[in-house]
Every structure is written in C-alpha cells, then in structure tokens.
Amino acid sequence: MSTDFYWRIGMEGDHASLRTPRRYNRGHANGYGPGNIAPAIRGGELDGYGYIDHIAAVAKASESAGFLGGLLPSFPVTEDPWAVASALARETTTYKFMVAFQPGFLHPVQAARMSASLQRATGGRLVYNIISGGGGPAQLWWGDKVDHDDRYARTSEFLDVLRGVWDGDPYHHQGRFYATDGAALPPGLAGQPFPEVYFSGSSAAAVGAAGRHSDYYLSWLEPFADLRAKFDGVRAHAEKLGRTPKFAVRIDVVARHTEEAAWAEIEKGWAFVDRDAANRAAQGDSVGAARIKGWVPENITGYRDLEVQPNVWCGFSLIRGGPAFGLVGSYEQVAQRLDELRELGVDAFILAGNPHLEEAYRIGEEVLPLLQAAPPPVTPLGPSGGQKDSRLLIP
C-alpha cells in the first residue's frame, strides 16, 4: 500500500512567510513593485526571471523532495492551470499535474481533447481536481449563475460525456446541459490513460456526484471526527453504486524542529489577522466553507484558542487566503497527525506551506520520512487503496 503526496503550486504568487501574509512578493502577483522577485527590478530594469520561472522552481523542488505531483489551483487571481501544466511538463520528469477546473466553463468534448493531448504529450501525467464552484462573487466572476445543486448535476453530466468520447467511439448524448452527435477523439488521442479524478464538495449534491465519479474524494482538513463522518457518507453512497472511493485531504502545514518554533511562526502571523477578509472569502453557497466558518469561534483571545485538537489549528484563513485548518507542530508531531489521518482512510494528501519553494524542501526532507512504513490499521471506514505508481512509496 502507498500514500500519494502532492504539493500545492502557488500560482497566485507567494509571500516570504506567514509573518508577511498580506505581502505577495513572489511570482508577479502584485506586479513589478520594489522588493518583488520573479520578476524583480534590478538597476531599473526587469531581471528576466519571470513568474513562470518561479512556478517551475517550486515544481522542480517538490518533485526532487519526493512529491508525486502538484496541485495547480484555479481562481480569478491565478494563471490558467491547463496552460501552466503544459509549460511545466518540460521542466519536470515524472511529476503529475493536478489541474483544478470547473467543468461548467468547458464543453466536455473540448475538455476530452485537451486532456488527451496533455496525456499524450506528458506520458499520462494529468490528474483532475474537479470543482463545481462555491457561488458568490467568485462564481459571478465567471458569469455563472447556475444554482448550487445544479452545478453538481452539470458536473456529473460533464464527466459522463467526457468519459463517453474518451476511447474514440462515436458518442451520442442529449442531456440537460450538453449535447453531442457522434463525438469522438481522433485515433492519435483516443485510448490515452484517463486522468484520476479528485472530486471536492461537502453538500449532499456533491457527495452524490463524488460517489459516481471520484477516484479520490478530496476534502479540506477538518477535525478528525468530522472528517471521518464525511468519509462515511461518501463511502456509503459509493457502495450503493458498486464503487469504492479513496480519500484525499488538502492541508496547510507549519512544521519546525520543535513545537515551540512552529507556534512562534503562527504567533508572528497573528499580527495580520483579518476576519473581515476571511468572511468575504467565505461568501457564496459553499457548504464546505460554511462548515469551516462554523468551527471558528466568535470570541478569540489568542491564536491558541483555535487549536481544536492537538496540532490542528483552524486560524489559517484569518491570516491568509485559503482553507482554515492546517497542522502546526514539530516534524514528529505533524508526521504523527498525518499517520492518524491515514488510519482514518486517507490515501492521498495535498500539502502546502509558505513560501511554497522552501517549504517543499522542508516538508519533503523533514516530515515525510518520519511517516510510518505501513499505515496503522484502517478504522471501520474499511480498507483504503493507494496508487501503485507513486514516487513516494510508503509500503
């Protein structure tokens, strides 16, 4: 059995640490201002080292540190992950690209052609991170006004059509959202390995769609008991369909040689708490975001108030964008928490840390080697699967 580890690629730019969480100075997020790098202004001129060079450096660092691949997120503030995956393919060797995308903005036949082309060009290194959108202003940025449950219905039909055309036989479909008449991939693209599907969403509609389509049900980190209950629901629905899903968790990590040093990083970032920014980011109809918001207490006297269980901290979204929960502790403590999640049935992780470049090396060198050689016995969730071709193999 093996566990897959992916690293998040910060395509919206990056900051030097949680001590400067609102100052993105890497990767061109804020343009060419003083102090920015990738690109930087030196002697009054751009140095020629661009944002794509910085992203490539993160990909190559995480590949060399033992990560199977990288998540390429998709937000209004990011580069397009399909284009970036194509650009990074020649910069890496076996690294997989987990492309995040909302199916509603592509026709599934075009998505099949794009995907098969990327699979052919990279030797099968494409992975899907299917997201159906959280509503609110971010969804309207795309001009998408489809209701919450209908977005998941659209996603499900999208994946049906994409799979239908994949192997090259003429495919006919007349559905609620999509129609095809004899659609098929050309011989050179047909029959490529179908990308693994990581599927996100916490609502009943999301769990239903994930049960049908996901290879991995992907969740943000939550308190472990809540995560277990969520996995139980997905597994129960999938079993009715004769499927056995695997599970993945997206986690931010602050790990240092000692627990005190890790919490010291959080303390320095605490000066930048912005609850209003976190609330604005949570606008919309995302059930997962609502769940996260419910765990953050209204009255907070200090950062340790947000430690909901040992080393599990729900304050990340208050000092930088993104999910609320992450792991904070010594290298040994973080490895222990990851092993406990494996015991819950987690088969894959998407880890992240700021800055993405240096932390990829830190987590790869200091935390991953501490994981147990074999995961603890799986709890009543049942046996969990793994990817036999992982670069980081934990037997």
# chains A, B, ... in the order shown; residues from 1 in each chain; ligands from 1

$ residues_around --residues "stretch 51-60 of chain A" --least-positions-apart "2" --cutoff "7 Å" --atoms "only C-alpha atoms" --output "JSON, numbers by chain"
{"A": [9, 11, 27, 28, 38, 39, 49, 62, 63, 64, 70, 88, 91, 92, 356, 357]}

$ residues_around --residues "A:Arg90" --least-positions-apart "3" --cutoff "10 Å" --atoms "only C-alpha atoms" --output "PyMOL selection string"
chain A and resi 56+85-87+93+121-122

$ write_last_selection --atoms "C-alpha atoms" --output "PDB file, in the first residue's frame"
ATOM      1  CA  ALA A  56       8.806  25.947 -12.325  1.00  0.00           C
ATOM      2  CA  ALA A  85       0.674  22.400 -16.782  1.00  0.00           C
ATOM      3  CA  SER A  86       1.717  22.439 -20.431  1.00  0.00           C
ATOM      4  CA  ALA A  87       4.524  24.867 -19.702  1.00  0.00           C
ATOM      5  CA  THR A  93      10.303  14.365 -15.349  1.00  0.00           C
ATOM      6  CA  ALA A 121       2.471  14.831 -24.544  1.00  0.00           C
ATOM      7  CA  THR A 122       3.419  14.091 -20.926  1.00  0.00           C
TER       8      THR A 122
END

$ closest_residue --among "A:Ala264, A:Ala89, A:Ala100, A:Ala210" --to "A:Arg120" --atoms "only C-alpha atoms"
A:Ala89

$ closest_residue --among "A:Ala352, A:Ala271, A:Ile37, A:Leu344" --to "A:Arg19" --atoms "only C-alpha atoms"
A:Ala271

$ closest_residue --among "A:Ser200, A:Pro310, A:Gly353, A:Val334" --to "A:Gly322" --atoms "only C-alpha atoms"
A:Gly353

$ select_by_dssp --residues "stretch 116-334 of chain A" --states "alpha helix (DSSP H)" --output "PDB file with C-alpha atoms, in the first residue's frame"
ATOM      1  CA  ALA A 116      -5.910  13.526 -24.091  1.00  0.00           C
ATOM      2  CA  SER A 117      -3.446  15.881 -25.777  1.00  0.00           C
ATOM      3  CA  LEU A 118      -1.795  16.621 -22.449  1.00  0.00           C
ATOM      4  CA  GLN A 119      -1.745  12.934 -21.536  1.00  0.00           C
ATOM      5  CA  ARG A 120      -0.109  12.066 -24.837  1.00  0.00           C
ATOM      6  CA  ALA A 121       2.471  14.831 -24.544  1.00  0.00           C
ATOM      7  CA  THR A 122       3.419  14.091 -20.926  1.00  0.00           C
ATOM      8  CA  GLY A 136     -20.970  34.144  -4.526  1.00  0.00           C
ATOM      9  CA  PRO A 137     -18.767  36.789  -6.176  1.00  0.00           C
ATOM     10  CA  ALA A 138     -16.144  34.283  -7.309  1.00  0.00           C
ATOM     11  CA  GLN A 139     -18.738  32.356  -9.283  1.00  0.00           C
ATOM     12  CA  LEU A 140     -20.162  35.504 -10.819  1.00  0.00           C
ATOM     13  CA  TRP A 141     -16.649  36.412 -11.996  1.00  0.00           C
ATOM     14  CA  HIS A 148     -25.665  25.134  -6.183  1.00  0.00           C
ATOM     15  CA  ASP A 149     -27.177  21.676  -6.714  1.00  0.00           C
ATOM     16  CA  ASP A 150     -27.487  22.233 -10.443  1.00  0.00           C
ATOM     17  CA  ARG A 151     -23.752  22.926 -10.654  1.00  0.00           C
ATOM     18  CA  TYR A 152     -23.100  19.432  -9.349  1.00  0.00           C
ATOM     19  CA  ALA A 153     -25.661  17.976 -11.752  1.00  0.00           C
ATOM     20  CA  ARG A 154     -23.865  19.800 -14.570  1.00  0.00           C
ATOM     21  CA  THR A 155     -20.502  18.473 -13.360  1.00  0.00           C
ATOM     22  CA  SER A 156     -21.825  14.917 -13.273  1.00  0.00           C
ATOM     23  CA  GLU A 157     -23.200  15.140 -16.809  1.00  0.00           C
ATOM     24  CA  PHE A 158     -19.946  16.755 -17.970  1.00  0.00           C
ATOM     25  CA  LEU A 159     -17.931  13.781 -16.715  1.00  0.00           C
ATOM     26  CA  ASP A 160     -20.388  11.331 -18.284  1.00  0.00           C
ATOM     27  CA  VAL A 161     -19.881  12.946 -21.688  1.00  0.00           C
ATOM     28  CA  LEU A 162     -16.115  13.298 -21.290  1.00  0.00           C
ATOM     29  CA  ARG A 163     -15.794   9.592 -20.499  1.00  0.00           C
ATOM     30  CA  GLY A 164     -18.198   8.786 -23.317  1.00  0.00           C
ATOM     31  CA  VAL A 165     -15.961  10.261 -26.004  1.00  0.00           C
ATOM     32  CA  TRP A 166     -12.646   9.203 -24.449  1.00  0.00           C
ATOM     33  CA  ALA A 204     -25.375  16.166  -0.335  1.00  0.00           C
ATOM     34  CA  ALA A 205     -25.324  17.024  -4.039  1.00  0.00           C
ATOM     35  CA  ALA A 206     -21.514  16.964  -4.051  1.00  0.00           C
ATOM     36  CA  VAL A 207     -21.311  13.672  -2.169  1.00  0.00           C
ATOM     37  CA  GLY A 208     -23.767  12.127  -4.626  1.00  0.00           C
ATOM     38  CA  ALA A 209     -21.726  13.245  -7.625  1.00  0.00           C
ATOM     39  CA  ALA A 210     -18.470  12.227  -5.974  1.00  0.00           C
ATOM     40  CA  GLY A 211     -19.837   8.755  -5.296  1.00  0.00           C
ATOM     41  CA  ARG A 212     -20.408   8.315  -9.025  1.00  0.00           C
ATOM     42  CA  HIS A 213     -17.264   9.843 -10.436  1.00  0.00           C
ATOM     43  CA  PHE A 224     -10.728  14.321  12.554  1.00  0.00           C
ATOM     44  CA  ALA A 225     -14.095  13.056  13.858  1.00  0.00           C
ATOM     45  CA  ASP A 226     -15.968  15.283  11.387  1.00  0.00           C
ATOM     46  CA  LEU A 227     -13.710  14.148   8.582  1.00  0.00           C
ATOM     47  CA  ARG A 228     -14.426  10.530   9.459  1.00  0.00           C
ATOM     48  CA  ALA A 229     -18.182  11.173   9.319  1.00  0.00           C
ATOM     49  CA  LYS A 230     -17.858  12.878   5.936  1.00  0.00           C
ATOM     50  CA  PHE A 231     -15.870   9.939   4.555  1.00  0.00           C
ATOM     51  CA  ASP A 232     -18.505   7.521   5.874  1.00  0.00           C
ATOM     52  CA  GLY A 233     -21.191   9.356   3.897  1.00  0.00           C
ATOM     53  CA  VAL A 234     -19.206   9.292   0.669  1.00  0.00           C
ATOM     54  CA  ARG A 235     -18.309   5.636   1.096  1.00  0.00           C
ATOM     55  CA  ALA A 236     -21.907   4.622   1.818  1.00  0.00           C
ATOM     56  CA  HIS A 237     -23.188   6.380  -1.283  1.00  0.00           C
ATOM     57  CA  ALA A 238     -20.443   4.968  -3.493  1.00  0.00           C
ATOM     58  CA  GLU A 239     -21.033   1.415  -2.241  1.00  0.00           C
ATOM     59  CA  LYS A 240     -24.652   1.631  -3.410  1.00  0.00           C
ATOM     60  CA  GLU A 259       6.620  22.591  18.558  1.00  0.00           C
ATOM     61  CA  GLU A 260       7.538  25.923  20.146  1.00  0.00           C
ATOM     62  CA  ALA A 261       9.239  27.106  16.962  1.00  0.00           C
ATOM     63  CA  ALA A 262       6.207  26.157  14.858  1.00  0.00           C
ATOM     64  CA  TRP A 263       3.798  28.049  17.095  1.00  0.00           C
ATOM     65  CA  ALA A 264       6.182  31.007  17.093  1.00  0.00           C
ATOM     66  CA  GLU A 265       5.607  31.254  13.330  1.00  0.00           C
ATOM     67  CA  ILE A 266       1.865  31.341  13.922  1.00  0.00           C
ATOM     68  CA  GLU A 267       2.276  33.981  16.619  1.00  0.00           C
ATOM     69  CA  LYS A 268       4.161  36.237  14.214  1.00  0.00           C
ATOM     70  CA  GLY A 269       1.480  35.822  11.575  1.00  0.00           C
ATOM     71  CA  ARG A 275     -11.546  38.325   9.991  1.00  0.00           C
ATOM     72  CA  ASP A 276     -13.382  40.507   7.507  1.00  0.00           C
ATOM     73  CA  ALA A 277     -11.213  39.181   4.678  1.00  0.00           C
ATOM     74  CA  ALA A 278     -11.929  35.614   5.761  1.00  0.00           C
ATOM     75  CA  ASN A 279     -15.665  36.325   5.844  1.00  0.00           C
ATOM     76  CA  ARG A 280     -15.580  37.883   2.384  1.00  0.00           C
ATOM     77  CA  ALA A 281     -13.776  34.837   1.033  1.00  0.00           C
ATOM     78  CA  VAL A 287     -21.377  24.012   2.253  1.00  0.00           C
ATOM     79  CA  GLY A 288     -17.719  23.258   2.952  1.00  0.00           C
ATOM     80  CA  ALA A 289     -16.921  26.932   3.559  1.00  0.00           C
ATOM     81  CA  ALA A 290     -19.946  27.220   5.855  1.00  0.00           C
ATOM     82  CA  ARG A 291     -18.755  24.187   7.815  1.00  0.00           C
ATOM     83  CA  ILE A 292     -15.329  25.742   8.257  1.00  0.00           C
ATOM     84  CA  LYS A 293     -16.767  29.086   9.345  1.00  0.00           C
ATOM     85  CA  GLY A 294     -18.831  27.326  11.988  1.00  0.00           C
ATOM     86  CA  TRP A 295     -15.713  25.988  13.708  1.00  0.00           C
ATOM     87  CA  PHE A 316      -5.061  29.952   8.717  1.00  0.00           C
ATOM     88  CA  SER A 317      -7.879  31.712   6.852  1.00  0.00           C
ATOM     89  CA  LEU A 318      -7.649  34.616   9.291  1.00  0.00           C
ATOM     90  CA  ILE A 319      -4.084  35.458   8.274  1.00  0.00           C
ATOM     91  CA  TYR A 331       8.255  17.474  12.452  1.00  0.00           C
ATOM     92  CA  GLU A 332       7.451  14.422  14.561  1.00  0.00           C
ATOM     93  CA  GLN A 333       4.036  15.753  15.621  1.00  0.00           C
ATOM     94  CA  VAL A 334       2.990  16.633  12.081  1.00  0.00           C
TER      95      VAL A 334
END

$ closest_residue --among "A:Gly168, A:Gly44, A:Gly124, A:Gly33" --to "A:Phe194" --atoms "only C-alpha atoms"
A:Gly124

$ residues_around --residues "A:Ser214" --least-positions-apart "2" --cutoff "6 Å" --atoms "only C-alpha atoms" --output "ChimeraX atom specification"
/A:197-199,210,216-217

$ residues_around --residues "A:Val253" --least-positions-apart "2" --cutoff "10 Å" --atoms "only C-alpha atoms" --output "list in words"
Arg250, Ile251, Ala255, Arg256, Ala262, Asn311, Val312, Trp313, Phe316, Phe325, Gly326, Leu327, Val328, Gly329, Val334, Leu351, Ala352, Gly353, Asn354, Glu359 and Ile363 of chain A

$ residues_around --residues "A:Leu368" --least-positions-apart "6" --cutoff "9 Å" --atoms "only C-alpha atoms" --output "list in words"
Phe5, Gly66, Tyr331, Ala335 and Leu392 of chain A

$ atom_distance --atom1 "atom CA of A:Pro103" --atom2 "atom CA of A:Leu189"
20.2 Å

$ atom_distance --atom1 "atom CA of A:Leu106" --atom2 "atom CA of A:Asn129"
14.3 Å

$ closest_residue --among "A:Pro223, A:Pro369, A:Pro323, A:Pro245" --to "A:Gly345" --atoms "only C-alpha atoms"
A:Pro245

$ select_by_dssp --residues "stretch 210-275 of chain A" --states "strand (DSSP E)" --output "PyMOL selection string"
chain A and resi 216-220+246-256

$ write_last_selection --atoms "N, CA and C atoms" --output "PDB file, in the first residue's frame"
ATOM      1  N   TYR A 216     -10.756   9.794  -6.033  1.00  0.00           N
ATOM      2  CA  TYR A 216     -10.424  10.279  -4.700  1.00  0.00           C
ATOM      3  C   TYR A 216     -11.430  11.359  -4.324  1.00  0.00           C
ATOM      4  N   TYR A 217     -12.077  11.181  -3.189  1.00  0.00           N
ATOM      5  CA  TYR A 217     -12.900  12.258  -2.648  1.00  0.00           C
ATOM      6  C   TYR A 217     -11.974  13.182  -1.861  1.00  0.00           C
ATOM      7  N   LEU A 218     -11.923  14.451  -2.265  1.00  0.00           N
ATOM      8  CA  LEU A 218     -10.975  15.419  -1.710  1.00  0.00           C
ATOM      9  C   LEU A 218     -11.692  16.387  -0.780  1.00  0.00           C
ATOM     10  N   SER A 219     -11.148  16.542   0.430  1.00  0.00           N
ATOM     11  CA  SER A 219     -11.717  17.457   1.416  1.00  0.00           C
ATOM     12  C   SER A 219     -10.629  18.348   1.969  1.00  0.00           C
ATOM     13  N   TRP A 220     -11.013  19.552   2.382  1.00  0.00           N
ATOM     14  CA  TRP A 220     -10.138  20.318   3.250  1.00  0.00           C
ATOM     15  C   TRP A 220     -10.006  19.577   4.581  1.00  0.00           C
ATOM     16  N   LYS A 246     -11.498   6.315  -2.824  1.00  0.00           N
ATOM     17  CA  LYS A 246     -10.393   6.602  -1.932  1.00  0.00           C
ATOM     18  C   LYS A 246     -10.537   8.051  -1.477  1.00  0.00           C
ATOM     19  N   PHE A 247      -9.704   8.450  -0.531  1.00  0.00           N
ATOM     20  CA  PHE A 247      -9.900   9.748   0.106  1.00  0.00           C
ATOM     21  C   PHE A 247      -8.596  10.540   0.120  1.00  0.00           C
ATOM     22  N   ALA A 248      -8.739  11.862  -0.017  1.00  0.00           N
ATOM     23  CA  ALA A 248      -7.603  12.771  -0.027  1.00  0.00           C
ATOM     24  C   ALA A 248      -7.949  13.999   0.808  1.00  0.00           C
ATOM     25  N   VAL A 249      -6.922  14.613   1.386  1.00  0.00           N
ATOM     26  CA  VAL A 249      -7.122  15.794   2.222  1.00  0.00           C
ATOM     27  C   VAL A 249      -6.089  16.853   1.845  1.00  0.00           C
ATOM     28  N   ARG A 250      -6.565  18.069   1.743  1.00  0.00           N
ATOM     29  CA  ARG A 250      -5.722  19.239   1.453  1.00  0.00           C
ATOM     30  C   ARG A 250      -5.365  19.916   2.772  1.00  0.00           C
ATOM     31  N   ILE A 251      -4.062  20.075   3.062  1.00  0.00           N
ATOM     32  CA  ILE A 251      -3.619  20.542   4.375  1.00  0.00           C
ATOM     33  C   ILE A 251      -2.495  21.559   4.244  1.00  0.00           C
ATOM     34  N   ASP A 252      -2.640  22.703   4.919  1.00  0.00           N
ATOM     35  CA  ASP A 252      -1.519  23.616   5.117  1.00  0.00           C
ATOM     36  C   ASP A 252      -0.714  23.145   6.323  1.00  0.00           C
ATOM     37  N   VAL A 253       0.599  23.297   6.252  1.00  0.00           N
ATOM     38  CA  VAL A 253       1.485  22.774   7.288  1.00  0.00           C
ATOM     39  C   VAL A 253       2.484  23.846   7.720  1.00  0.00           C
ATOM     40  N   VAL A 254       2.620  24.011   9.036  1.00  0.00           N
ATOM     41  CA  VAL A 254       3.742  24.745   9.620  1.00  0.00           C
ATOM     42  C   VAL A 254       4.460  23.764  10.528  1.00  0.00           C
ATOM     43  N   ALA A 255       5.598  23.256  10.080  1.00  0.00           N
ATOM     44  CA  ALA A 255       6.368  22.268  10.822  1.00  0.00           C
ATOM     45  C   ALA A 255       7.787  22.789  11.036  1.00  0.00           C
ATOM     46  N   ARG A 256       8.263  22.639  12.259  1.00  0.00           N
ATOM     47  CA  ARG A 256       9.619  23.069  12.602  1.00  0.00           C
ATOM     48  C   ARG A 256      10.274  22.004  13.493  1.00  0.00           C
TER      49      ARG A 256
END

$ closest_residue --among "A:Ala40, A:Val346, A:Leu68, A:Val109" --to "A:Asp181" --atoms "only C-alpha atoms"
A:Val109

$ atom_distance --atom1 "atom CA of A:Arg320" --atom2 "atom CA of A:Leu18"
7.8 Å
